[in-house]
file target-v6.pdb (PDB, C-alpha atoms)
ATOM      1  CA  MET M1374      24.137  79.876  38.897
ATOM      2  CA  LEU M1375      23.372  77.748  41.941
ATOM      3  CA  ALA M1376      19.740  78.085  40.907
ATOM      4  CA  ARG M1377      20.482  76.754  37.423
ATOM      5  CA  VAL M1378      21.994  73.537  38.760
ATOM      6  CA  ILE M1379      19.111  73.012  41.201
ATOM      7  CA  GLU M1380      16.485  73.767  38.542
ATOM      8  CA  ALA M1381      18.203  71.429  36.075
ATOM      9  CA  ALA M1382      17.868  68.682  38.733
ATOM     10  CA  GLY M1383      14.082  69.120  38.570
ATOM     11  CA  ILE M1384      13.577  71.396  41.603
ATOM     12  CA  SER M1385      11.690  74.642  40.890
ATOM     13  CA  THR M1386      13.645  77.684  42.087
ATOM     14  CA  VAL M1387      12.940  81.328  42.832
ATOM     15  CA  ILE M1388      15.657  83.828  43.733
ATOM     16  CA  VAL M1389      15.261  86.940  45.902
ATOM     17  CA  THR M1390      18.057  89.227  44.736
ATOM     18  CA  PRO M1391      19.293  92.727  45.514
ATOM     19  CA  MET M1392      20.848  92.806  42.044
ATOM     20  CA  PRO M1393      18.158  91.963  39.482
ATOM     21  CA  TYR M1394      20.512  93.426  36.819
ATOM     22  CA  PHE M1395      22.552  90.223  36.988
ATOM     23  CA  ALA M1396      19.482  87.973  37.031
ATOM     24  CA  GLU M1397      18.338  89.653  33.813
ATOM     25  CA  ALA M1398      21.735  89.687  32.129
ATOM     26  CA  LEU M1399      22.733  86.109  32.946
ATOM     27  CA  GLY M1400      19.280  84.518  32.657
ATOM     28  CA  VAL M1401      17.496  82.881  35.589
ATOM     29  CA  SER M1402      14.409  80.716  35.830
ATOM     30  CA  ARG M1403      12.513  82.962  38.280
ATOM     31  CA  ALA M1404      13.574  85.892  40.427
ATOM     32  CA  VAL M1405      12.243  88.850  42.360
ATOM     33  CA  GLY M1406      14.396  91.937  42.798
ATOM     34  CA  VAL M1407      14.448  93.831  46.082
ATOM     35  CA  GLY M1408      15.823  97.344  46.593
ATOM     36  CA  PHE M1409      17.385  96.292  49.901
ATOM     37  CA  PRO M1410      21.027  96.729  50.926
ATOM     38  CA  PHE M1411      23.379  93.766  50.659
ATOM     39  CA  GLY M1412      23.026  91.241  53.460
ATOM     40  CA  HIS M1413      19.259  91.821  53.730
ATOM     41  CA  PRO M1414      17.447  89.993  50.923
ATOM     42  CA  LEU M1415      14.258  89.511  52.944
ATOM     43  CA  GLY M1416      14.231  92.818  54.805
ATOM     44  CA  HIS M1417      14.994  94.269  58.199
ATOM     45  CA  ALA M1418      16.118  92.190  61.172
ATOM     46  CA  GLY M1419      13.156  91.488  63.416
ATOM     47  CA  ASP M1420      10.574  92.647  60.851
ATOM     48  CA  ARG M1421       8.506  89.510  60.511
ATOM     49  CA  ASP M1422       5.785  91.205  58.449
ATOM     50  CA  GLU M1423       8.236  92.556  55.868
ATOM     51  CA  GLN M1424       9.988  89.189  55.586
ATOM     52  CA  MET M1425       6.664  87.393  55.091
ATOM     53  CA  LYS M1426       5.580  89.870  52.403
ATOM     54  CA  VAL M1427       8.773  89.378  50.407
ATOM     55  CA  ILE M1428       8.504  85.604  50.789
ATOM     56  CA  GLY M1429       4.865  85.838  49.702
ATOM     57  CA  ASP M1430       5.887  87.644  46.502
ATOM     58  CA  ALA M1431       8.614  85.079  45.834
ATOM     59  CA  LEU M1432       6.109  82.225  46.233
ATOM     60  CA  ARG M1433       3.644  84.032  43.979
ATOM     61  CA  VAL M1434       6.263  84.309  41.222
ATOM     62  CA  LEU M1435       7.223  80.659  41.794
ATOM     63  CA  ARG M1436       3.583  79.723  41.219
ATOM     64  CA  GLU M1437       2.737  82.123  38.382
ATOM     65  CA  ALA M1438       5.887  82.536  36.276
ATOM     66  CA  ALA M1439       5.009  81.658  32.700
ATOM     67  CA  GLY M1440       8.492  80.601  31.696
ATOM     68  CA  PRO M1441      12.216  81.042  32.299
ATOM     69  CA  GLY M1442      13.644  84.536  32.452
ATOM     70  CA  THR M1443      10.932  85.827  34.791
ATOM     71  CA  VAL M1444      12.360  88.700  36.866
ATOM     72  CA  GLU M1445       9.951  90.903  38.800
ATOM     73  CA  HIS M1446      11.128  94.074  40.575
ATOM     74  CA  LEU M1447       9.359  94.422  43.935
ATOM     75  CA  ALA M1448       8.401  97.895  45.156
ATOM     76  CA  TYR M1449       9.426  97.678  48.828
ATOM     77  CA  GLU M1450      11.052 100.789  50.220
ATOM     78  CA  TRP M1451      14.145 100.805  52.417
ATOM     79  CA  PRO M1452      14.197 104.060  54.403
ATOM     80  CA  ASP M1453      17.284 106.023  55.432
ATOM     81  CA  PHE M1454      19.411 105.390  52.348
ATOM     82  CA  GLU M1455      22.277 107.638  53.445
ATOM     83  CA  ARG M1456      22.792 105.636  56.622
ATOM     84  CA  TRP M1457      22.427 102.223  54.943
ATOM     85  CA  LYS M1458      24.696 103.050  52.012
ATOM     86  CA  THR M1459      27.545 102.416  54.455
ATOM     87  CA  GLU M1460      25.796 100.425  57.193
ATOM     88  CA  TRP M1461      25.642  97.206  55.113
ATOM     89  CA  GLN M1462      29.416  97.268  54.603
ATOM     90  CA  PRO M1463      31.802  95.312  56.821
ATOM     91  CA  ALA M1464      33.870  97.214  59.405
ATOM     92  CA  GLU M1465      37.064  96.266  57.541
ATOM     93  CA  PRO M1466      37.102  96.503  53.729
ATOM     94  CA  SER M1467      37.152  93.054  52.165
ATOM     95  CA  PRO M1468      40.573  91.883  50.921
ATOM     96  CA  ILE M1469      39.612  92.406  47.247
ATOM     97  CA  VAL M1470      38.247  95.896  47.887
ATOM     98  CA  ALA M1471      41.376  96.831  49.851
ATOM     99  CA  LEU M1472      43.535  95.489  47.009
ATOM    100  CA  LEU M1473      41.582  97.274  44.243
ATOM    101  CA  ARG M1474      41.594 100.547  46.180
ATOM    102  CA  GLU M1475      45.339 100.264  46.701
ATOM    103  CA  ARG M1476      45.857  99.679  42.975
ATOM    104  CA  LEU M1477      43.669 102.664  42.072
ATOM    105  CA  ARG M1478      45.543 104.798  44.609
ATOM    106  CA  ALA M1479      48.908 103.691  43.184
ATOM    107  CA  GLN M1480      47.740 104.448  39.624
ATOM    108  CA  ALA M1481      46.541 107.907  40.644
ATOM    109  CA  GLU M1482      49.857 108.533  42.398
ATOM    110  CA  ALA M1483      51.793 107.444  39.278
ATOM    111  CA  ARG M1484      49.734 109.798  37.120
ATOM    112  CA  ARG M1485      50.367 112.691  39.505
ATOM    113  CA  SER M1486      54.114 112.098  39.558
ATOM    114  CA  ASN M1487      54.179 111.885  35.722
ATOM    115  CA  LYS M1488      52.748 115.363  35.340
ATOM    116  CA  PRO M1489      55.258 117.976  34.207
TER     117      PRO M1489
ATOM    118  CA  MET C 269      10.335 102.176  39.033
ATOM    119  CA  PRO C 270      12.963  99.530  38.274
ATOM    120  CA  ILE C 271      15.499  98.749  40.966
ATOM    121  CA  ASP C 272      18.976 100.242  40.573
ATOM    122  CA  SER C 273      21.107  97.172  41.338
ATOM    123  CA  PHE C 274      24.183  99.319  41.924
ATOM    124  CA  ARG C 275      22.904 102.041  44.216
ATOM    125  CA  TRP C 276      24.404 100.531  47.383
ATOM    126  CA  LEU C 277      27.888 100.265  45.875
ATOM    127  CA  PRO C 278      30.576 102.941  46.103
ATOM    128  CA  GLY C 279      31.353 104.494  42.702
ATOM    129  CA  ALA C 280      34.517 102.650  41.665
ATOM    130  CA  ILE C 281      33.158  99.265  42.760
ATOM    131  CA  ALA C 282      29.857  99.906  40.964
ATOM    132  CA  ALA C 283      31.792 100.807  37.833
ATOM    133  CA  TYR C 284      33.759  97.552  38.087
ATOM    134  CA  TYR C 285      30.583  95.454  38.279
ATOM    135  CA  ARG C 286      28.789  97.375  35.528
ATOM    136  CA  GLY C 287      31.784  96.765  33.287
ATOM    137  CA  LEU C 288      31.840  92.982  33.696
ATOM    138  CA  PRO C 289      31.209  91.193  30.404
ATOM    139  CA  LEU C 290      28.158  89.022  30.942
ATOM    140  CA  GLN C 291      26.871  86.229  28.814
ATOM    141  CA  LYS C 292      23.366  84.885  28.954
ATOM    142  CA  VAL C 293      23.636  81.115  28.703
ATOM    143  CA  GLU C 294      20.675  79.561  26.923
ATOM    144  CA  PRO C 295      18.646  77.548  27.412
ATOM    145  CA  ILE C 296      17.704  78.590  30.948
ATOM    146  CA  PRO C 297      16.720  75.491  32.955
ATOM    147  CA  TRP C 298      12.990  75.191  33.614
ATOM    148  CA  ALA C 299      11.324  72.838  36.068
ATOM    149  CA  PRO C 300       7.618  73.760  36.197
ATOM    150  CA  LEU C 301       6.039  73.453  39.637
ATOM    151  CA  ALA C 302       4.611  69.950  39.723
ATOM    152  CA  LYS C 303       2.234  70.543  42.654
ATOM    153  CA  PRO C 304       0.434  73.388  44.368
ATOM    154  CA  ILE C 305       2.628  75.374  46.760
ATOM    155  CA  GLU C 306       0.524  74.000  49.642
ATOM    156  CA  GLU C 307       1.883  70.542  48.842
ATOM    157  CA  CYS C 308       5.495  71.476  48.121
ATOM    158  CA  ARG C 309       8.492  70.657  50.267
ATOM    159  CA  PHE C 310      10.834  73.659  50.387
ATOM    160  CA  ALA C 311      14.582  74.009  50.859
ATOM    161  CA  LEU C 312      16.363  77.310  51.492
ATOM    162  CA  VAL C 313      19.728  78.364  50.063
ATOM    163  CA  THR C 314      21.684  81.487  50.907
ATOM    164  CA  THR C 315      25.168  82.860  50.198
ATOM    165  CA  ALA C 316      25.475  84.688  53.520
ATOM    166  CA  GLY C 317      28.279  82.530  54.946
ATOM    167  CA  LEU C 318      26.134  80.974  57.701
ATOM    168  CA  TYR C 319      27.276  77.872  59.560
ATOM    169  CA  MET C 320      26.416  75.836  62.668
ATOM    170  CA  LYS C 321      28.987  76.982  65.236
ATOM    171  CA  ASP C 322      28.728  73.913  67.457
ATOM    172  CA  ARG C 323      29.360  71.343  64.741
ATOM    173  CA  ASP C 324      30.907  72.776  61.574
ATOM    174  CA  PRO C 325      34.050  74.728  60.670
ATOM    175  CA  SER C 326      33.707  78.320  59.585
ATOM    176  CA  PHE C 327      34.311  79.298  55.974
ATOM    177  CA  ASP C 328      38.002  79.836  55.198
ATOM    178  CA  LEU C 329      38.352  83.580  55.583
ATOM    179  CA  ASP C 330      42.121  83.397  56.192
ATOM    180  CA  GLY C 331      42.469  81.758  52.785
ATOM    181  CA  GLU C 332      40.668  84.731  51.262
ATOM    182  CA  ARG C 333      42.871  87.169  53.157
ATOM    183  CA  ARG C 334      45.930  85.400  51.715
ATOM    184  CA  ASN C 335      44.448  85.417  48.175
ATOM    185  CA  PRO C 336      41.946  88.247  47.736
ATOM    186  CA  PHE C 337      40.752  86.803  44.414
ATOM    187  CA  TRP C 338      39.655  83.526  46.059
ATOM    188  CA  GLY C 339      36.533  82.747  48.061
ATOM    189  CA  ASP C 340      35.759  79.534  49.962
ATOM    190  CA  PRO C 341      33.470  77.605  47.575
ATOM    191  CA  THR C 342      32.186  75.069  50.098
ATOM    192  CA  TYR C 343      28.738  75.076  51.713
ATOM    193  CA  ARG C 344      27.350  74.318  55.142
ATOM    194  CA  VAL C 345      24.175  72.439  55.952
ATOM    195  CA  ILE C 346      21.762  74.211  58.277
ATOM    196  CA  PRO C 347      19.070  71.955  59.783
ATOM    197  CA  ARG C 348      15.426  73.073  59.862
ATOM    198  CA  ASP C 349      15.498  73.315  63.660
ATOM    199  CA  ALA C 350      18.617  75.505  63.868
ATOM    200  CA  THR C 351      18.301  78.261  66.440
ATOM    201  CA  GLN C 352      19.697  81.792  66.189
ATOM    202  CA  GLU C 353      22.231  81.042  68.922
ATOM    203  CA  GLN C 354      23.703  78.158  66.906
ATOM    204  CA  ILE C 355      24.316  80.290  63.799
ATOM    205  CA  GLY C 356      27.684  81.853  63.006
ATOM    206  CA  VAL C 357      28.402  84.182  60.061
ATOM    207  CA  ALA C 358      31.679  84.097  58.099
ATOM    208  CA  HIS C 359      31.673  86.674  55.281
ATOM    209  CA  LEU C 360      34.207  89.441  54.662
ATOM    210  CA  HIS C 361      31.990  91.541  52.358
ATOM    211  CA  ILE C 362      28.958  92.347  54.490
ATOM    212  CA  ASN C 363      28.138  93.607  57.964
ATOM    213  CA  ALA C 364      26.960  90.482  59.830
ATOM    214  CA  ALA C 365      25.165  92.275  62.674
ATOM    215  CA  ASP C 366      21.609  91.858  61.362
ATOM    216  CA  LEU C 367      22.237  88.226  60.355
ATOM    217  CA  LEU C 368      23.443  87.490  63.889
ATOM    218  CA  ALA C 369      20.374  89.252  65.294
ATOM    219  CA  ASP C 370      17.883  87.579  62.946
ATOM    220  CA  MET C 371      18.992  84.874  60.514
ATOM    221  CA  ASN C 372      15.605  85.135  58.785
ATOM    222  CA  VAL C 373      16.804  88.166  56.814
ATOM    223  CA  ALA C 374      18.776  85.681  54.684
ATOM    224  CA  LEU C 375      17.727  82.182  55.779
ATOM    225  CA  PRO C 376      14.047  82.377  56.716
ATOM    226  CA  LEU C 377      13.751  79.128  58.699
ATOM    227  CA  ASN C 378      11.312  80.566  61.247
ATOM    228  CA  ARG C 379       9.171  82.153  58.533
ATOM    229  CA  PHE C 380       8.962  78.862  56.653
ATOM    230  CA  LEU C 381       8.207  76.898  59.823
ATOM    231  CA  GLU C 382       5.322  79.320  60.325
ATOM    232  CA  LEU C 383       4.149  78.738  56.744
ATOM    233  CA  GLU C 384       4.375  74.979  57.326
ATOM    234  CA  ALA C 385       2.379  75.185  60.563
ATOM    235  CA  ALA C 386      -0.275  77.269  58.787
ATOM    236  CA  GLY C 387      -0.535  74.795  55.904
ATOM    237  CA  LYS C 388       0.570  77.427  53.361
ATOM    238  CA  ILE C 389       3.392  75.159  52.184
ATOM    239  CA  GLY C 390       3.550  71.368  52.257
ATOM    240  CA  SER C 391       6.639  71.162  54.433
ATOM    241  CA  LEU C 392      10.082  72.546  55.180
ATOM    242  CA  ALA C 393      12.887  70.149  54.247
ATOM    243  CA  ALA C 394      15.243  68.719  56.852
ATOM    244  CA  SER C 395      18.345  70.384  55.338
ATOM    245  CA  HIS C 396      19.116  73.911  54.134
ATOM    246  CA  TYR C 397      22.291  75.340  52.702
ATOM    247  CA  SER C 398      24.599  78.291  53.079
ATOM    248  CA  PHE C 399      27.342  79.157  50.654
ATOM    249  CA  MET C 400      29.646  82.170  50.915
ATOM    250  CA  GLY C 401      28.895  84.503  48.052
ATOM    251  CA  PHE C 402      32.276  86.008  47.166
ATOM    252  CA  GLN C 403      33.267  83.828  44.199
ATOM    253  CA  MET C 404      35.219  85.306  41.313
ATOM    254  CA  ASP C 405      35.453  81.803  39.865
ATOM    255  CA  ASN C 406      32.302  79.749  40.333
ATOM    256  CA  SER C 407      33.515  76.578  38.623
ATOM    257  CA  ALA C 408      33.717  74.673  41.947
ATOM    258  CA  TRP C 409      30.094  75.568  42.621
ATOM    259  CA  GLN C 410      29.094  74.501  39.150
ATOM    260  CA  LYS C 411      31.032  71.244  38.989
ATOM    261  CA  ARG C 412      30.916  69.970  42.566
ATOM    262  CA  TYR C 413      29.049  71.810  45.281
ATOM    263  CA  ALA C 414      25.816  72.865  43.591
ATOM    264  CA  PRO C 415      25.299  69.335  42.200
ATOM    265  CA  GLU C 416      25.900  67.908  45.699
ATOM    266  CA  VAL C 417      23.280  70.237  47.159
ATOM    267  CA  ALA C 418      20.814  69.423  44.358
ATOM    268  CA  ALA C 419      21.320  65.680  44.918
ATOM    269  CA  ARG C 420      20.738  66.040  48.657
ATOM    270  CA  MET C 421      17.588  68.050  47.985
ATOM    271  CA  ARG C 422      16.317  65.286  45.722
ATOM    272  CA  GLU C 423      17.075  62.666  48.394
ATOM    273  CA  GLU C 424      15.012  64.722  50.849
ATOM    274  CA  GLY C 425      12.077  65.006  48.467
ATOM    275  CA  VAL C 426      12.421  68.748  47.901
ATOM    276  CA  ASP C 427      10.029  70.217  45.309
ATOM    277  CA  ALA C 428      11.094  73.862  45.342
ATOM    278  CA  ALA C 429      13.926  76.036  46.606
ATOM    279  CA  LEU C 430      14.116  79.677  47.667
ATOM    280  CA  LEU C 431      17.516  81.245  47.020
ATOM    281  CA  THR C 432      18.559  84.394  48.876
ATOM    282  CA  PRO C 433      21.908  85.714  47.726
ATOM    283  CA  VAL C 434      23.329  88.542  49.804
TER     284      VAL C 434
END
call {"tool": "encode", "arguments": {"input": "target-v6.pdb", "output": "structure tokens"}}
result
Amino acid sequence: MLARVIEAAGISTVIVTPMPYFAEALGVSRAVGVGFPFGHPLGHAGDRDEQMKVIGDALRVLREAAGPGTVEHLAYEWPDFERWKTEWQPAEPSPIVALLRERLRAQAEARRSNKP
Amino acid sequence: MPIDSFRWLPGAIAAYYRGLPLQKVEPIPWAPLAKPIEECRFALVTTAGLYMKDRDPSFDLDGERRNPFWGDPTYRVIPRDATQEQIGVAHLHINAADLLADMNVALPLNRFLELEAAGKIGSLAASHYSFMGFQMDNSAWQKRYAPEVAARMREEGVDAALLTPV
């Protein structure tokens, strides 16, 4: 929704997002989706070529989008999924994740102790 | 092959996000590009929790620890000549290691300076912006901080913005 406010002020926007699902559901002016782990919208650290390619696609969509609601899924691969499925996460769970996990754990415990 | 937006999330968290009721708000704003890209001034916006260590406070992570449903809604300005060494990362939901090694993965200042030098864009604006993306309530962004950023962009003659949420 940052993009909406900026676009409404007359500045053309394009979003590079790891979650194009939300771009499509909420409605954005222009976006490209990337299958990259959180924290890495433009690619790997130190990979100038990859970053430039993703930026190039974003600029292409900025230039060519016919109208609002343009969301293009880019085809870039991110190798080693099993490692990165946890690697993008912080060392400590975030406060909300810790809280939600505790609640789920407490609910599961309550269900177990209610069993005959 | 469409991207699975949830594949990086552990099961229960993915289920939470999939279950959120979402409403498309119409009309979607639309500002057609008024000039060729080669003449556009660009600003960059990320939600990676970046800030200039030598001049600005960090984002309020202790506040979030005290109230896990709250996230610091403020933003930090990052100048076009910021160096990697000047950049700090304050975000409780991501591993910051790659951002600290190479800010360009979320705020591509060096990439855009290269595009400017090569004449592929008109120019890179003086100011760029980092928010911190954990916001369960984005009304402060909507009512105060995003309009401030948009106004500053207009003052700086920005034509287009690249947004890189993390």
call {"tool": "residues_around", "arguments": {"input": "target-v6.pdb", "residues": "M:Met1425", "least_positions_apart": "6", "cutoff": "9 Å", "atoms": "all atoms listed in the file", "output": "number ranges by chain"}}
result
M: 1415; C: 379-380
call {"tool": "resolve_selection", "arguments": {"input": "target-v6.pdb", "expression": "the PyMOL selection byres ((chain C and resi 399-415) around 10)", "output": "ChimeraX atom specification"}}
result
/M:1374-1379,1381-1382,1467,1469 /C:313-319,327-329,332,336-345,357-361,397-398,416-421,433-434
call {"tool": "residues_around", "arguments": {"input": "target-v6.pdb", "residues": "C:Gly387", "least_positions_apart": "5", "cutoff": "9 Å", "atoms": "all atoms listed in the file", "output": "MDAnalysis selection string"}}
result
chainID C and resid 306:307 382
call {"tool": "closest_residue", "arguments": {"input": "target-v6.pdb", "among": "M:Arg1403, M:Lys1488, M:Thr1459, M:Leu1477", "to": "M:Leu1435", "atoms": "all atoms listed in the file"}}
result
M:Arg1403
call {"tool": "resolve_selection", "arguments": {"input": "target-v6.pdb", "expression": "the PyMOL selection byres ((chain C and resi 291) around 10)", "output": "PyMOL selection string"}}
result
(chain M and resi 1398-1400) or (chain C and resi 288-290+292-294)
call {"tool": "residues_around", "arguments": {"input": "target-v6.pdb", "residues": "M:Lys1426", "least_positions_apart": "3", "cutoff": "12 Å", "atoms": "only C-alpha atoms", "output": "compact mmCIF listing (two decimals) with C-alpha atoms, in the coordinates of the input"}}
result
# COMPACT_ATOMS: atom_id res chain seq x y z
CA VAL M 1407 14.45 93.83 46.08
CA PRO M 1414 17.45 89.99 50.92
CA LEU M 1415 14.26 89.51 52.94
CA GLY M 1416 14.23 92.82 54.80
CA HIS M 1417 14.99 94.27 58.20
CA ASP M 1420 10.57 92.65 60.85
CA ARG M 1421 8.51 89.51 60.51
CA ASP M 1422 5.78 91.20 58.45
CA GLU M 1423 8.24 92.56 55.87
CA GLY M 1429 4.86 85.84 49.70
CA ASP M 1430 5.89 87.64 46.50
CA ALA M 1431 8.61 85.08 45.83
CA LEU M 1432 6.11 82.22 46.23
CA ARG M 1433 3.64 84.03 43.98
CA LEU M 1447 9.36 94.42 43.94
CA ALA M 1448 8.40 97.90 45.16
CA TYR M 1449 9.43 97.68 48.83
CA ARG C 379 9.17 82.15 58.53
